[in-house]
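Input: a single structure, listed below in structure tokens.
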Amino acid sequence: MPALCRDCLATFTTGPRCPKCGGRRVVEHAELFSLSIAHMDCDAFYASVEKRDNPALRDLPVIVGGGRRGVVSTACYIARIHGVRSAMPMFQALKLCPDAVVVPPRMQAYAEVSRAIRAMMDELTPMVQPLSLDEAFLDLTGTERLHGAPPAVVLAGLIRRMQTELGIGGSIGLSHNKFLAKIASDLDKPRGFSVIGAGETAAFLRGKPVRLIWGVGEAAQVALERAGIRSFDDLLRWDIKDLTARFGRLGDRLWHLARGQDHRAVTAHEPVKSISNETTFAEDTGDADLLDGHIWRLAEKVADRAKARDLAGRTVTLKIKRADFRLLTRRTSLREPSQMADTIYRTARGLFDAEAGRGPFRLIGVGLSDLCAANMADRTPDLLDPAAASRAAAERAADKIRARFGPDAIIKGRALR
Amino acid sequence: MKISIERGALLRAVSQAQSVVERRNTIPILANVLIEAEGNTVSFRATDLDIEVVDKTTAMVDRAGATTVSAVTLHEIVRKLPDGALVQLTDDSATGRLVVQAGRSKFELATLPQEDFPVMASSEYTANFGVKAPVLRRLFDKAKFAISTEETRYYLNGIYMHVATGEEGPVLRCVATDGHRLARIDAPLPEDAANMPGVIVPRKTVNELRKLLDDDDAQIAVSVSETKVRFATPEMTLTSKVIDGTFPDYTRVIPQGNTRRLEVDAAEFARAVDRVATVSQERSRAVKLSLDEDRLILSVNAPDTGAAEEELAVAYSDEVLEIGFNAKYLLEIASQVDRENAVFLFNSSGDPALMREGSDMSAVYVVMPMRV
């Protein structure tokens, strides 16, 4: 059976040890050198970056997350032994693991490492589809001659390079489609390398729960369960027509996934569909001035991001979570696309005044969607708001000042609230 | 209740009713039409709590009474009956159903008690006057396209009907704007209308009202209060709440000092705009107008899809000007012109343009340019 040493990248026919370096980190699989769709997932990414940057943390349980009522963003593997999980409330995590060192997230540092990893992946194939800062799909089909090695070897090389050059560990899932590659990468974390071949797909899925499918969340699970579907075996009993009639496009997709089929391509440049920012308050608040300040700051952040990418949007969304966790989302269309903080703020503020009712609120968010190129935006001034033109000119001028002297060089009084 | 009514009269009444009722309703009775029969008339009443229409028609009333049934279902049934059929409506109090019979067709519809039907509170109208249907039709039809759909500026979601001073004295004026375009339409002030309060007539009311205005000879009785407006013919009464808000001071928006004058055949202009806009795939298609001595070049340059250009002979004798507009806006205002040439008055490429028909000041339009 084809085999690969993940330490020295030697390929050989079989055996538990590498004949070249004697290492034991060997992957062996009948289809090892013919599969080319991979999912790369960093191991405890944020925590790994923290440990790399502060070696004193290396052997301690580390939790990245924070705020007074924050949740766990990432827990290192030592903390995970104690039962700490992502998205767990911090107080609960600290109950399970009182010795843990809690580190506030440093998104900029993570983004930087992420960019370095991305650059390494881009060297291997143009077909890289990042899912977040720390995971991506790679399609290495047809690259064997270029690299002089099959995809499995190239991927093992990528993980080795990430470890040695960046100090970040990662796991690989290798299969014949995205769905299975994503499942595979999770099978033997951390520092894993799992393969699901075409020949074993059916056997692998047998008895597995449908929640393994990326995108089948709690709501979908409940709906599926109502139809008596818990595992892939249940799905196999359904006719494609019935499944589609009941679940629409999801049904069609489920029918194929149950047979290990996933025809979605690895798409390198998924276009941005929306830009949004939200903030969870340290304490629930109904203070109108404070909320107004938040809406402005969020609108400005969204506008900054849109401007940075030369985008504008036609739809403004306001998201509010009340103290009782009830979520309210309201959106409205602009008459023409905009990327101006002033327009986004005014629109979001209008939605807030019309829809929010009385507080206290727990979270507020502002988003911009239905995106288009910036040169399509803000082209027709408003007859009824002649001051808008001067506000827009002021915003453009402030943008220039901030670009030159830093983001805090000039801010609106409103932002101080 | 037991009545016999001609299908045509019934169809007219219920079609008005079904267009007023809201399709999605949390209050079941609001989906119903209230049918009341007495003497030799039957009235059909429908409401969405903001608008109420009452249609009266003559019928053979065998037994007076009242009931309510689904407006949409009744409309569907009547629509599918053969032309000229005589329809019998019988309220069966034992089963609580309304039996609809025509020829060999028979339907039974569930009813809701008439007592539950909300009747709009009457209002003290401060002005009552009469207008010929074509006058109102022109006022509303020409202003309608500029009504805003923006929810945040709800006070723009209608037509501002008020008394103003026009070129030749007091007028009944309708104004609509969405901030990109504005329409201001005047009609001679009807007798008794002088003390009418200005009201914002909601879009839906404008659309429903339109059905009252088809008959050129009809005289419409208009009643206005601060909160309600009513339009009535002998057969039909439309009562509506008005938008509770302040319409912005539109007079500041209408340019006074635009001196560059373009005169063009409106239909030819509209066709040319439509043709050149074809190459653009954007939702807001920008058309550039380049004006030179008696010459207008319309052009569209859409880098992704293509370019187009068309030249028109026009009357223009001012300085060279380049100005961009949303093609849809140009088409909409050009289509308001029906008798004479369209006259555009420009200032600069960044200022709003004014459009009117010949020298007629009773209908003026303002449109904002677009950066191209």
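Identifiers for the structure tokens are assigned positionally: chains receive A, B, ... in sequence, residues are indexed from 1 per chain, and ligands are indexed from 1 in the order shown.
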
| message | Would you pick out the contacts of Ser299 of chain B at 9 Å or less, using only C-alpha atoms, so that residues sharing its chain but fewer than 4 positions from it are not included, and give the list as a ChimeraX atom specification? | response | /B:273,276-277,286-290,307-311

What's the 7 Å shell around segment 93-97 of chain A, counting only C-alpha atoms, without same-chain residues fewer than 5 positions away, as a PDB file with all heavy atoms, in the first residue's frame?
ATOM      1  N   ALA A  79      -5.813  22.698  27.626  1.00  0.00           N
ATOM      2  CA  ALA A  79      -7.083  23.123  28.220  1.00  0.00           C
ATOM      3  C   ALA A  79      -8.217  22.205  27.775  1.00  0.00           C
ATOM      4  O   ALA A  79      -9.148  21.939  28.528  1.00  0.00           O
ATOM      5  CB  ALA A  79      -7.381  24.565  27.838  1.00  0.00           C
ATOM      6  N   HIS A  82      -9.124  19.269  29.838  1.00  0.00           N
ATOM      7  CA  HIS A  82      -9.998  19.533  30.982  1.00  0.00           C
ATOM      8  C   HIS A  82     -11.449  19.731  30.583  1.00  0.00           C
ATOM      9  O   HIS A  82     -12.283  19.999  31.436  1.00  0.00           O
ATOM     10  CB  HIS A  82      -9.510  20.783  31.741  1.00  0.00           C
ATOM     11  CG  HIS A  82      -8.149  20.605  32.335  1.00  0.00           C
ATOM     12  ND1 HIS A  82      -7.946  20.063  33.580  1.00  0.00           N
ATOM     13  CD2 HIS A  82      -6.921  20.878  31.837  1.00  0.00           C
ATOM     14  CE1 HIS A  82      -6.640  20.026  33.824  1.00  0.00           C
ATOM     15  NE2 HIS A  82      -5.995  20.513  32.775  1.00  0.00           N
ATOM     16  N   GLY A  83     -11.711  19.647  29.313  1.00  0.00           N
ATOM     17  CA  GLY A  83     -13.096  19.767  28.868  1.00  0.00           C
ATOM     18  C   GLY A  83     -13.472  21.145  28.343  1.00  0.00           C
ATOM     19  O   GLY A  83     -14.633  21.400  28.039  1.00  0.00           O
ATOM     20  N   VAL A  84     -12.508  22.048  28.238  1.00  0.00           N
ATOM     21  CA  VAL A  84     -12.810  23.381  27.725  1.00  0.00           C
ATOM     22  C   VAL A  84     -13.037  23.290  26.210  1.00  0.00           C
ATOM     23  O   VAL A  84     -12.308  22.602  25.505  1.00  0.00           O
ATOM     24  CB  VAL A  84     -11.653  24.359  28.023  1.00  0.00           C
ATOM     25  CG1 VAL A  84     -11.958  25.745  27.455  1.00  0.00           C
ATOM     26  CG2 VAL A  84     -11.400  24.429  29.514  1.00  0.00           C
ATOM     27  N   MET A  88     -17.646  28.170  24.671  1.00  0.00           N
ATOM     28  CA  MET A  88     -18.118  27.921  26.033  1.00  0.00           C
ATOM     29  C   MET A  88     -17.988  29.234  26.824  1.00  0.00           C
ATOM     30  O   MET A  88     -17.021  29.969  26.642  1.00  0.00           O
ATOM     31  CB  MET A  88     -17.202  26.861  26.646  1.00  0.00           C
ATOM     32  CG  MET A  88     -17.545  26.410  28.034  1.00  0.00           C
ATOM     33  SD  MET A  88     -16.333  25.147  28.558  1.00  0.00           S
ATOM     34  CE  MET A  88     -17.133  23.663  27.994  1.00  0.00           C
TER      35      MET A  88
END

Interface residues on chain B facing chain A, 7 Å, only C-alpha atoms, written as a list in words: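 So the contacting residues turn out to be Thr152, Gly179, His180, Val253, Met368, Pro369, Met370 and Arg371 of chain B.
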
Quick one: write out the picked residues with N, CA, C and O atoms as an mmCIF file, in the first residue's frame?
data_model
loop_
_atom_site.group_PDB
_atom_site.id
_atom_site.type_symbol
_atom_site.label_atom_id
_atom_site.label_comp_id
_atom_site.auth_asym_id
_atom_site.auth_seq_id
_atom_site.Cartn_x
_atom_site.Cartn_y
_atom_site.Cartn_z
ATOM 1 N N THR B 152 -37.584 54.791 5.752
ATOM 2 C CA THR B 152 -37.124 55.675 6.820
ATOM 3 C C THR B 152 -37.689 57.092 6.675
ATOM 4 O O THR B 152 -37.953 57.745 7.658
ATOM 5 N N GLY B 179 -36.379 62.381 -3.399
ATOM 6 C CA GLY B 179 -35.038 62.913 -3.155
ATOM 7 C C GLY B 179 -34.160 62.883 -4.397
ATOM 8 O O GLY B 179 -33.157 63.577 -4.462
ATOM 9 N N HIS B 180 -34.549 62.075 -5.391
ATOM 10 C CA HIS B 180 -33.814 62.078 -6.652
ATOM 11 C C HIS B 180 -34.597 62.790 -7.739
ATOM 12 O O HIS B 180 -34.039 63.398 -8.629
ATOM 13 N N VAL B 253 -36.217 73.257 -3.281
ATOM 14 C CA VAL B 253 -35.578 72.244 -4.107
ATOM 15 C C VAL B 253 -35.714 72.553 -5.592
ATOM 16 O O VAL B 253 -34.926 72.113 -6.418
ATOM 17 N N MET B 368 -32.304 64.957 -10.244
ATOM 18 C CA MET B 368 -30.926 65.101 -9.802
ATOM 19 C C MET B 368 -29.995 64.436 -10.812
ATOM 20 O O MET B 368 -30.286 63.342 -11.290
ATOM 21 N N PRO B 369 -28.877 65.062 -11.141
ATOM 22 C CA PRO B 369 -27.930 64.407 -12.041
ATOM 23 C C PRO B 369 -27.160 63.308 -11.305
ATOM 24 O O PRO B 369 -27.234 63.193 -10.087
ATOM 25 N N MET B 370 -26.455 62.528 -12.087
ATOM 26 C CA MET B 370 -25.710 61.395 -11.555
ATOM 27 C C MET B 370 -24.277 61.532 -12.042
ATOM 28 O O MET B 370 -24.039 61.871 -13.192
ATOM 29 N N ARG B 371 -23.357 61.258 -11.145
ATOM 30 C CA ARG B 371 -21.955 61.336 -11.535
ATOM 31 C C ARG B 371 -21.669 60.254 -12.575
ATOM 32 O O ARG B 371 -21.980 59.084 -12.372
#

Filtered DSSP result for segment 34-191 of chain B, state alpha helix (DSSP H), as a list in words: Ala71, Val72, Thr73, Leu74, His75, Glu76, Ile77, Val78, Arg79, Lys80, Ala133, Pro134, Val135, Leu136, Arg137, Arg138, Leu139, Phe140, Asp141, Lys142, Ala143 and Lys144 of chain B

field: Neighbour list for Asp242 of chain A as a PyMOL selection string, cut-off 10 Å, only C-alpha atoms, skip fewer than 4 positions in-chain
entry: chain A and resi 238+246-248+251-252

Taking all heavy atoms for each residue, export the selection above as a PDB file, in the first residue's frame.
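Wrote it out as out14.pdb, contents follow:
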ATOM      1  N   TRP A 238     -34.122   7.354   1.561  1.00  0.00           N
ATOM      2  CA  TRP A 238     -35.036   8.313   0.919  1.00  0.00           C
ATOM      3  C   TRP A 238     -34.808   8.387  -0.581  1.00  0.00           C
ATOM      4  O   TRP A 238     -33.679   8.276  -1.054  1.00  0.00           O
ATOM      5  CB  TRP A 238     -34.824   9.715   1.507  1.00  0.00           C
ATOM      6  CG  TRP A 238     -35.487   9.904   2.830  1.00  0.00           C
ATOM      7  CD1 TRP A 238     -35.184   9.269   3.988  1.00  0.00           C
ATOM      8  CD2 TRP A 238     -36.553  10.798   3.131  1.00  0.00           C
ATOM      9  NE1 TRP A 238     -35.998   9.711   5.000  1.00  0.00           N
ATOM     10  CE2 TRP A 238     -36.844  10.651   4.498  1.00  0.00           C
ATOM     11  CE3 TRP A 238     -37.298  11.710   2.381  1.00  0.00           C
ATOM     12  CZ2 TRP A 238     -37.850  11.382   5.129  1.00  0.00           C
ATOM     13  CZ3 TRP A 238     -38.289  12.442   3.001  1.00  0.00           C
ATOM     14  CH2 TRP A 238     -38.562  12.272   4.375  1.00  0.00           C
ATOM     15  N   ARG A 246     -39.266  17.782   0.264  1.00  0.00           N
ATOM     16  CA  ARG A 246     -39.403  18.163   1.668  1.00  0.00           C
ATOM     17  C   ARG A 246     -38.396  19.230   2.092  1.00  0.00           C
ATOM     18  O   ARG A 246     -38.718  20.115   2.864  1.00  0.00           O
ATOM     19  CB  ARG A 246     -39.224  16.918   2.540  1.00  0.00           C
ATOM     20  CG  ARG A 246     -39.353  17.217   4.000  1.00  0.00           C
ATOM     21  CD  ARG A 246     -40.022  16.112   4.741  1.00  0.00           C
ATOM     22  NE  ARG A 246     -40.145  16.467   6.141  1.00  0.00           N
ATOM     23  CZ  ARG A 246     -40.828  15.783   7.021  1.00  0.00           C
ATOM     24  NH1 ARG A 246     -41.468  14.703   6.635  1.00  0.00           N
ATOM     25  NH2 ARG A 246     -40.878  16.154   8.279  1.00  0.00           N
ATOM     26  N   PHE A 247     -37.169  19.137   1.571  1.00  0.00           N
ATOM     27  CA  PHE A 247     -36.126  20.042   2.072  1.00  0.00           C
ATOM     28  C   PHE A 247     -35.553  20.980   1.015  1.00  0.00           C
ATOM     29  O   PHE A 247     -34.576  21.679   1.263  1.00  0.00           O
ATOM     30  CB  PHE A 247     -34.984  19.242   2.703  1.00  0.00           C
ATOM     31  CG  PHE A 247     -35.413  18.423   3.886  1.00  0.00           C
ATOM     32  CD1 PHE A 247     -35.591  17.060   3.780  1.00  0.00           C
ATOM     33  CD2 PHE A 247     -35.664  19.042   5.103  1.00  0.00           C
ATOM     34  CE1 PHE A 247     -35.996  16.316   4.874  1.00  0.00           C
ATOM     35  CE2 PHE A 247     -36.075  18.303   6.200  1.00  0.00           C
ATOM     36  CZ  PHE A 247     -36.246  16.938   6.090  1.00  0.00           C
ATOM     37  N   GLY A 248     -36.136  20.952  -0.185  1.00  0.00           N
ATOM     38  CA  GLY A 248     -35.649  21.859  -1.227  1.00  0.00           C
ATOM     39  C   GLY A 248     -34.230  21.515  -1.641  1.00  0.00           C
ATOM     40  O   GLY A 248     -33.881  20.341  -1.769  1.00  0.00           O
ATOM     41  N   GLY A 251     -32.253  19.148   0.415  1.00  0.00           N
ATOM     42  CA  GLY A 251     -32.610  17.743   0.220  1.00  0.00           C
ATOM     43  C   GLY A 251     -31.786  17.116  -0.892  1.00  0.00           C
ATOM     44  O   GLY A 251     -31.246  16.014  -0.745  1.00  0.00           O
ATOM     45  N   ASP A 252     -31.672  17.840  -1.976  1.00  0.00           N
ATOM     46  CA  ASP A 252     -30.894  17.357  -3.111  1.00  0.00           C
ATOM     47  C   ASP A 252     -29.439  17.135  -2.698  1.00  0.00           C
ATOM     48  O   ASP A 252     -28.817  16.123  -3.003  1.00  0.00           O
ATOM     49  CB  ASP A 252     -30.972  18.384  -4.238  1.00  0.00           C
ATOM     50  CG  ASP A 252     -30.185  17.966  -5.461  1.00  0.00           C
ATOM     51  OD1 ASP A 252     -30.678  17.095  -6.188  1.00  0.00           O
ATOM     52  OD2 ASP A 252     -29.075  18.502  -5.655  1.00  0.00           O
TER      53      ASP A 252
END

Would you kindly return, as a CSV table (one decimal) with N, CA and C atoms, in the first residue's frame, each protein, DNA or RNA residue with an atom no farther than 7 Å from any atom of Val242 of chain B, considering only C-alpha atoms and excluding same-chain residues fewer than 3 positions away?
chain,number,residue,atom,x,y,z
B,199,VAL,N,-52.4,67.6,2.9
B,199,VAL,CA,-52.3,66.3,3.4
B,199,VAL,C,-51.4,65.4,2.5
B,200,ILE,N,-50.8,64.4,3.1
B,200,ILE,CA,-50.0,63.5,2.3
B,200,ILE,C,-50.8,62.2,2.0
B,201,VAL,N,-51.3,62.0,0.8
B,201,VAL,CA,-52.1,60.9,0.4
B,201,VAL,C,-51.2,59.7,0.2
B,202,PRO,N,-51.4,58.6,0.9
B,202,PRO,CA,-50.5,57.4,0.8
B,202,PRO,C,-50.6,56.8,-0.6
B,227,THR,N,-56.6,64.5,9.2
B,227,THR,CA,-56.2,63.1,9.4
B,227,THR,C,-56.7,62.2,8.3
B,228,LYS,N,-57.8,62.7,7.6
B,228,LYS,CA,-58.4,61.8,6.6
B,228,LYS,C,-58.7,62.6,5.3
B,229,VAL,N,-58.9,61.8,4.2
B,229,VAL,CA,-59.3,62.3,3.0
B,229,VAL,C,-60.3,61.4,2.4

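DSSP, applied to the backbone of this structure, assigns strand (DSSP E or B) to the following residues of segment 237-308 of chain B: Thr237, Leu238, Thr239, Ser240, Lys241, Arg260, Arg261, Leu262, Glu263, Val264, Ala286, Val287, Lys288, Leu289, Ser290, Leu291, Asp292, Arg295, Leu296, Ile297, Leu298, Ser299, Val300, Asn301, Ala302, Gly306, Ala307 and Ala308 of chain B.
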
Please produce an output containing N, CA, C and O atoms for each residue in the selection, written as a CSV table (one decimal), in the first residue's frame.
chain,number,residue,atom,x,y,z
B,237,THR,N,-67.2,55.2,-2.5
B,237,THR,CA,-66.6,56.1,-1.6
B,237,THR,C,-65.3,55.5,-1.1
B,237,THR,O,-65.2,54.4,-0.7
B,238,LEU,N,-64.2,56.3,-1.3
B,238,LEU,CA,-62.9,55.9,-0.8
B,238,LEU,C,-62.5,56.8,0.3
B,238,LEU,O,-62.3,58.0,0.1
B,239,THR,N,-62.3,56.3,1.5
B,239,THR,CA,-61.9,57.1,2.6
B,239,THR,C,-60.5,56.5,3.1
B,239,THR,O,-60.3,55.3,3.1
B,240,SER,N,-59.6,57.5,3.3
B,240,SER,CA,-58.2,57.0,3.7
B,240,SER,C,-57.6,57.9,4.8
B,240,SER,O,-57.9,59.1,4.8
B,241,LYS,N,-56.9,57.3,5.6
B,241,LYS,CA,-56.1,58.1,6.5
B,241,LYS,C,-54.9,58.7,5.7
B,241,LYS,O,-54.6,58.2,4.7
B,260,ARG,N,-29.6,77.3,-18.9
B,260,ARG,CA,-29.2,76.6,-20.1
B,260,ARG,C,-30.5,75.8,-20.5
B,260,ARG,O,-30.9,74.9,-19.9
B,261,ARG,N,-31.0,76.1,-21.7
B,261,ARG,CA,-32.3,75.6,-22.1
B,261,ARG,C,-32.2,74.6,-23.3
B,261,ARG,O,-31.6,75.0,-24.3
B,262,LEU,N,-32.7,73.4,-23.1
B,262,LEU,CA,-32.7,72.4,-24.1
B,262,LEU,C,-34.2,72.1,-24.5
B,262,LEU,O,-35.0,71.9,-23.6
B,263,GLU,N,-34.5,72.1,-25.7
B,263,GLU,CA,-35.8,71.8,-26.1
B,263,GLU,C,-35.7,70.6,-27.1
B,263,GLU,O,-34.9,70.6,-28.0
B,264,VAL,N,-36.5,69.5,-26.8
B,264,VAL,CA,-36.4,68.3,-27.5
B,264,VAL,C,-37.7,67.6,-27.6
B,264,VAL,O,-38.6,67.7,-26.7
B,286,ALA,N,-26.5,54.7,-16.1
B,286,ALA,CA,-26.2,56.2,-16.2
B,286,ALA,C,-26.1,56.5,-17.7
B,286,ALA,O,-25.4,55.8,-18.5
B,287,VAL,N,-26.8,57.6,-18.1
B,287,VAL,CA,-26.7,58.1,-19.5
B,287,VAL,C,-26.1,59.5,-19.4
B,287,VAL,O,-26.4,60.3,-18.6
B,288,LYS,N,-25.1,59.7,-20.3
B,288,LYS,CA,-24.5,61.0,-20.3
B,288,LYS,C,-25.1,61.8,-21.4
B,288,LYS,O,-25.2,61.4,-22.6
B,289,LEU,N,-25.5,63.1,-21.1
B,289,LEU,CA,-26.0,64.0,-22.1
B,289,LEU,C,-24.9,65.0,-22.4
B,289,LEU,O,-24.4,65.7,-21.5
B,290,SER,N,-24.4,65.1,-23.7
B,290,SER,CA,-23.4,66.1,-24.1
B,290,SER,C,-24.1,67.1,-25.0
B,290,SER,O,-24.6,66.7,-26.1
B,291,LEU,N,-24.2,68.3,-24.5
B,291,LEU,CA,-24.9,69.4,-25.3
B,291,LEU,C,-24.0,70.3,-25.9
B,291,LEU,O,-23.0,70.8,-25.3
B,292,ASP,N,-24.2,70.6,-27.2
B,292,ASP,CA,-23.5,71.6,-27.9
B,292,ASP,C,-24.5,72.2,-28.9
B,292,ASP,O,-25.6,71.8,-28.9
B,295,ARG,N,-27.3,70.4,-30.7
B,295,ARG,CA,-26.9,69.0,-30.9
B,295,ARG,C,-26.9,68.3,-29.5
B,295,ARG,O,-26.3,68.9,-28.6
B,296,LEU,N,-27.5,67.2,-29.4
B,296,LEU,CA,-27.4,66.4,-28.1
B,296,LEU,C,-26.9,65.0,-28.4
B,296,LEU,O,-27.4,64.3,-29.3
B,297,ILE,N,-25.8,64.7,-27.7
B,297,ILE,CA,-25.3,63.3,-27.8
B,297,ILE,C,-25.6,62.6,-26.6
B,297,ILE,O,-25.2,63.0,-25.5
B,298,LEU,N,-26.3,61.5,-26.7
B,298,LEU,CA,-26.6,60.6,-25.6
B,298,LEU,C,-25.6,59.5,-25.6
B,298,LEU,O,-25.4,58.9,-26.6
B,299,SER,N,-24.9,59.2,-24.5
B,299,SER,CA,-23.9,58.1,-24.5
B,299,SER,C,-23.9,57.4,-23.2
B,299,SER,O,-24.2,57.9,-22.2
B,300,VAL,N,-23.6,56.1,-23.4
B,300,VAL,CA,-23.5,55.2,-22.2
B,300,VAL,C,-22.2,54.5,-22.4
B,300,VAL,O,-21.8,54.0,-23.5
B,301,ASN,N,-21.4,54.5,-21.3
B,301,ASN,CA,-20.1,53.8,-21.4
B,301,ASN,C,-20.1,52.8,-20.2
B,301,ASN,O,-19.9,53.2,-19.0
B,302,ALA,N,-20.3,51.6,-20.4
B,302,ALA,CA,-20.3,50.5,-19.4
B,302,ALA,C,-19.1,49.7,-19.6
B,302,ALA,O,-19.1,48.8,-20.5
B,306,GLY,N,-20.1,47.3,-22.6
B,306,GLY,CA,-20.1,47.9,-23.9
B,306,GLY,C,-20.3,49.4,-23.9
B,306,GLY,O,-20.3,50.0,-22.8
B,307,ALA,N,-20.5,50.0,-25.0
B,307,ALA,CA,-20.7,51.5,-25.1
B,307,ALA,C,-21.8,51.7,-26.2
B,307,ALA,O,-22.0,50.9,-27.1
B,308,ALA,N,-22.5,52.9,-26.1
B,308,ALA,CA,-23.5,53.3,-27.1
B,308,ALA,C,-23.5,54.8,-27.2
B,308,ALA,O,-23.2,55.5,-26.2

Query raised in the report: Which polymer residues have any atom within 10 Å of an atom of Asn195 of chain B, counting only C-alpha atoms, with same-chain residues fewer than 6 positions away left out, as a list in words?
Result: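 So, after excluding close chain neighbours, the residues are Thr126, Ala127, Asn128, His162, Val163 and Val224 of chain B.
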
A straight line from atom CA of Val372 of chain B to atom CA of Gly324 of chain B spans 5.6 Å

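The gap separating atom CA of Tyr329 of chain B from atom CA of Met340 of chain A is 23.2 Å, in Å to one decimal.
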
message: Quick one: residues within 8 Å of Leu189 of chain B, only C-alpha atoms, excluding same-chain residues fewer than 3 positions away - as a list in words?
response: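 After dropping sequence-adjacent residues, the list is Val163, Pro170, Val171, Leu172, Ala193 and Ala194 of chain B.
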
Residues within 10 Å of Asp274 of chain B, please, as a ChimeraX atom specification. Count only C-alpha atoms; anything in the same chain fewer than 3 positions from it doesn't count. /B:268-271,277-279,287,327-328,330-331

Go ahead and write the selection's residues with N, CA, C and O atoms as a PDB file, in the first residue's frame.
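So result_34.pdb came out as:
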ATOM      1  N   GLU B 268     -39.073  61.170 -28.951  1.00  0.00           N
ATOM      2  CA  GLU B 268     -37.829  60.818 -29.637  1.00  0.00           C
ATOM      3  C   GLU B 268     -36.682  60.701 -28.614  1.00  0.00           C
ATOM      4  O   GLU B 268     -35.869  59.786 -28.663  1.00  0.00           O
ATOM      5  N   PHE B 269     -36.681  61.643 -27.684  1.00  0.00           N
ATOM      6  CA  PHE B 269     -35.674  61.655 -26.621  1.00  0.00           C
ATOM      7  C   PHE B 269     -35.759  60.365 -25.793  1.00  0.00           C
ATOM      8  O   PHE B 269     -34.750  59.694 -25.550  1.00  0.00           O
ATOM      9  N   ALA B 270     -36.975  59.999 -25.396  1.00  0.00           N
ATOM     10  CA  ALA B 270     -37.156  58.806 -24.572  1.00  0.00           C
ATOM     11  C   ALA B 270     -36.692  57.555 -25.304  1.00  0.00           C
ATOM     12  O   ALA B 270     -36.022  56.692 -24.732  1.00  0.00           O
ATOM     13  N   ARG B 271     -37.041  57.471 -26.593  1.00  0.00           N
ATOM     14  CA  ARG B 271     -36.628  56.282 -27.351  1.00  0.00           C
ATOM     15  C   ARG B 271     -35.105  56.197 -27.442  1.00  0.00           C
ATOM     16  O   ARG B 271     -34.518  55.124 -27.331  1.00  0.00           O
ATOM     17  N   ALA B 277     -29.277  52.986 -23.367  1.00  0.00           N
ATOM     18  CA  ALA B 277     -29.158  52.374 -22.041  1.00  0.00           C
ATOM     19  C   ALA B 277     -29.065  50.854 -22.120  1.00  0.00           C
ATOM     20  O   ALA B 277     -28.642  50.196 -21.168  1.00  0.00           O
ATOM     21  N   THR B 278     -29.459  50.294 -23.276  1.00  0.00           N
ATOM     22  CA  THR B 278     -29.464  48.840 -23.435  1.00  0.00           C
ATOM     23  C   THR B 278     -28.117  48.201 -23.124  1.00  0.00           C
ATOM     24  O   THR B 278     -28.064  47.096 -22.591  1.00  0.00           O
ATOM     25  N   VAL B 279     -27.026  48.876 -23.448  1.00  0.00           N
ATOM     26  CA  VAL B 279     -25.715  48.231 -23.288  1.00  0.00           C
ATOM     27  C   VAL B 279     -25.286  48.131 -21.826  1.00  0.00           C
ATOM     28  O   VAL B 279     -24.371  47.386 -21.511  1.00  0.00           O
ATOM     29  N   VAL B 287     -26.758  57.570 -18.078  1.00  0.00           N
ATOM     30  CA  VAL B 287     -26.684  58.068 -19.453  1.00  0.00           C
ATOM     31  C   VAL B 287     -26.062  59.459 -19.412  1.00  0.00           C
ATOM     32  O   VAL B 287     -26.445  60.293 -18.594  1.00  0.00           O
ATOM     33  N   ALA B 327     -30.889  56.566 -16.340  1.00  0.00           N
ATOM     34  CA  ALA B 327     -31.733  56.408 -17.523  1.00  0.00           C
ATOM     35  C   ALA B 327     -33.211  56.274 -17.147  1.00  0.00           C
ATOM     36  O   ALA B 327     -34.089  56.832 -17.806  1.00  0.00           O
ATOM     37  N   LYS B 328     -33.466  55.553 -16.073  1.00  0.00           N
ATOM     38  CA  LYS B 328     -34.855  55.332 -15.653  1.00  0.00           C
ATOM     39  C   LYS B 328     -35.529  56.655 -15.299  1.00  0.00           C
ATOM     40  O   LYS B 328     -36.692  56.877 -15.658  1.00  0.00           O
ATOM     41  N   LEU B 330     -34.821  59.613 -16.479  1.00  0.00           N
ATOM     42  CA  LEU B 330     -35.085  60.367 -17.709  1.00  0.00           C
ATOM     43  C   LEU B 330     -36.309  59.818 -18.428  1.00  0.00           C
ATOM     44  O   LEU B 330     -37.153  60.572 -18.909  1.00  0.00           O
ATOM     45  N   LEU B 331     -36.398  58.491 -18.500  1.00  0.00           N
ATOM     46  CA  LEU B 331     -37.534  57.879 -19.184  1.00  0.00           C
ATOM     47  C   LEU B 331     -38.835  58.230 -18.489  1.00  0.00           C
ATOM     48  O   LEU B 331     -39.840  58.536 -19.129  1.00  0.00           O
TER      49      LEU B 331
END

**Prompt:** Closest to Ser280 of chain B among B:Arg137, B:Asn326, B:Ala342, B:Thr165, using only C-alpha atoms?
**Reply:**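 Looking only at the distances to Ser280 of chain B, the closest residue turns out to be B:Asn326.
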
Q. Suppose you want the space between atom CA of Leu139 of chain B and atom CA of Tyr154 of chain B; what is it in Å?
A.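 Value for the atom CA of Leu139 of chain B-atom CA of Tyr154 of chain B distance: 21.0 Å.
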